[in-house]
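> My questions all concern the structure below.
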Amino acid sequence: MADTAPAESNTEKAPAEGTQAGKEEEAVPTPPVKQTRSIYLTGFGGPKYVRLQTKEQKTVGKGEIAVEVEACGLGFLDVMTRQGLLEITGKPPFIMGSECCGKVSEVGEGVTKYKVGDEVVVLCDGGAWTERLVITPLCEKTEEETGASSGEAAETKATAVATTAPPAVVLPKPACLTDVQAAVASMSYLPAYFLLHRVACVRPNDVVLVHSAGGGVGTAIGQLAKLIGNVKLVGIASANKHEKLTSLYDQLININQDYVAEVKKEHPLGVTVVLDSRSGEDTNKGISLLQPLGRYVIYGSSNFVTGDRKNLFSFAKSWIQMDRINPLKLQEESKVLGGFSLRSLIFRQHAQLSTIFEAWQELTQLFSEKKIEPIVDSTWCFEEVKEAMQKLQERSNIGKVALNPKLQPKAPEPEVKTADKEEEPKEENKETTS
């Protein structure tokens, strides 16, 4: 009995070892899970809530496409999103950003308009600041699909099957632009185009006052308005930006000056159009400058931003100033007040998307003819997004600010040892005194 027990034990272990070895030989290596870096907003407030995170890559479903992002655009709207100043924003956490440029890397079932390798510009309602973007393209419906007759305007709607990816407008990238230029062009030139040609309807002999003349939209307005011909442009911007804006604007006013008085020095009768990106107290000032039949268009509310976080007092003050506008006075003075929001036009107001595609086609032609060109202030890597947003918040940019997901962070500068340098003068002093 004592001799057989060890033998039985050995016979039980041998098959177990053999079986384990067999399993190891047959095991198929698990492919690594693909990861994607994205810039998330984890809460409303200051820069600390903007974080670069790496998560599992999303799959592409039916009716969806994936875009490998080459560059992203930043705008003042992103600062307001971070602070929670926009009612249209969802609750954190979510990926930030509304514009980017890249290449289609994967196409889902049922997608026929786009193919792998297409260079595209993407306009989305958040989610653009990422290395790989999965979206549902919003497409135009043809007359055959809508049933419209040749004499009727075919209504354009978002045609999307039941998908999980967010909707986005996907535009062809202008071949003449770099990835960075294309990434920042859509949210600058499309608003400028609609403000000038569809909302304010700027015409020759108009005098146009533009707030934030040095920003992305402001510089785009300056370029596009020059093409209308015989339009007088008055821009308001920080004094340090004036030198680079003289080719776009006929008159430049320091943002710290009394611009109402300055405008009246050159144009005693006032202006015919005001394009206002600031709102708040500036709104009533601007309306007072309008000539009869003048058009005042609000397309931003940067006055609401006064610090890193949402300031309820400043917000309320600006809102009260806006609320003091008297519609009956507008009627009596024959003045027009309007507004424009590209994001709302696309994603919330069931706009005819054909107008977006048509405008982009016209802009692409102007880009190719070198009549207009996006002005890029600076380009930052994903790790530097907080610094990039700070530049916007300080209003120190001229043109647009961009992010490059493939750009590597700058290597830290080597520390300079000051101890040795401080000792040398001491030795010299000793020799001198002795």
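Residue numbering restarts at 1 for every chain of the structure tokens, chains are lettered A, B, ... in their displayed order, and ligands are numbered from 1 as they appear.
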Which polymer residues have any atom within 7 Å of an atom of Ile298 of chain A, counting only C-alpha atoms, with same-chain residues fewer than 4 positions away left out, as a list in words?
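Listed by chain and then number, they are Leu275, Asp276, Ser277, Ser279, Gly338, Gly339 and Phe340 of chain A.
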> Write out as a PDB file with C-alpha atoms, in the first residue's frame the set of residues from segment 96-229 of chain A that DSSP, computed on the backbone, places in strand (DSSP E or B).

```pdb
ATOM      1  CA  GLU A  99     -14.264  70.637 -36.466  1.00  0.00           C
ATOM      2  CA  CYS A 100     -11.480  68.476 -37.817  1.00  0.00           C
ATOM      3  CA  CYS A 101      -9.810  67.245 -40.982  1.00  0.00           C
ATOM      4  CA  GLY A 102      -8.617  63.757 -41.868  1.00  0.00           C
ATOM      5  CA  LYS A 103      -8.887  60.686 -44.073  1.00  0.00           C
ATOM      6  CA  VAL A 104     -11.686  58.136 -44.195  1.00  0.00           C
ATOM      7  CA  SER A 105     -10.132  54.949 -42.777  1.00  0.00           C
ATOM      8  CA  GLU A 106     -13.178  52.658 -42.648  1.00  0.00           C
ATOM      9  CA  VAL A 107     -16.636  52.602 -44.223  1.00  0.00           C
ATOM     10  CA  GLU A 119      -9.728  63.430 -47.532  1.00  0.00           C
ATOM     11  CA  VAL A 120     -12.541  65.143 -45.665  1.00  0.00           C
ATOM     12  CA  VAL A 121     -13.446  68.048 -43.411  1.00  0.00           C
ATOM     13  CA  VAL A 122     -15.852  67.133 -40.611  1.00  0.00           C
ATOM     14  CA  LEU A 123     -18.314  69.396 -38.806  1.00  0.00           C
ATOM     15  CA  CYS A 124     -19.820  67.709 -35.760  1.00  0.00           C
ATOM     16  CA  THR A 130      -9.760  62.691 -31.145  1.00  0.00           C
ATOM     17  CA  ARG A 132     -10.075  58.495 -34.726  1.00  0.00           C
ATOM     18  CA  LEU A 133     -13.606  59.776 -35.220  1.00  0.00           C
ATOM     19  CA  VAL A 134     -16.595  57.484 -35.864  1.00  0.00           C
ATOM     20  CA  ILE A 135     -19.611  59.377 -37.216  1.00  0.00           C
ATOM     21  CA  THR A 136     -22.852  59.071 -39.151  1.00  0.00           C
ATOM     22  CA  PRO A 137     -22.570  61.296 -42.243  1.00  0.00           C
ATOM     23  CA  PRO A 167     -24.251  62.763 -36.880  1.00  0.00           C
ATOM     24  CA  ALA A 168     -21.797  64.998 -38.731  1.00  0.00           C
ATOM     25  CA  VAL A 169     -21.478  66.978 -41.932  1.00  0.00           C
ATOM     26  CA  VAL A 170     -18.665  65.521 -44.030  1.00  0.00           C
ATOM     27  CA  LEU A 171     -17.246  67.880 -46.655  1.00  0.00           C
ATOM     28  CA  PRO A 172     -14.526  67.289 -49.255  1.00  0.00           C
ATOM     29  CA  VAL A 207     -20.245 100.135 -44.017  1.00  0.00           C
ATOM     30  CA  VAL A 208     -19.720  97.014 -41.890  1.00  0.00           C
ATOM     31  CA  LEU A 209     -18.612  97.021 -38.245  1.00  0.00           C
ATOM     32  CA  VAL A 210     -17.060  93.718 -37.114  1.00  0.00           C
ATOM     33  CA  GLY A 215     -10.398  85.974 -34.618  1.00  0.00           C
TER      34      GLY A 215
END
```
> Measure the distance from atom CA of Thr81 of chain A to atom CA of Val385 of chain A in Å and round it to one decimal.
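Going from atom CA of Thr81 of chain A over to atom CA of Val385 of chain A covers 14.2 Å.
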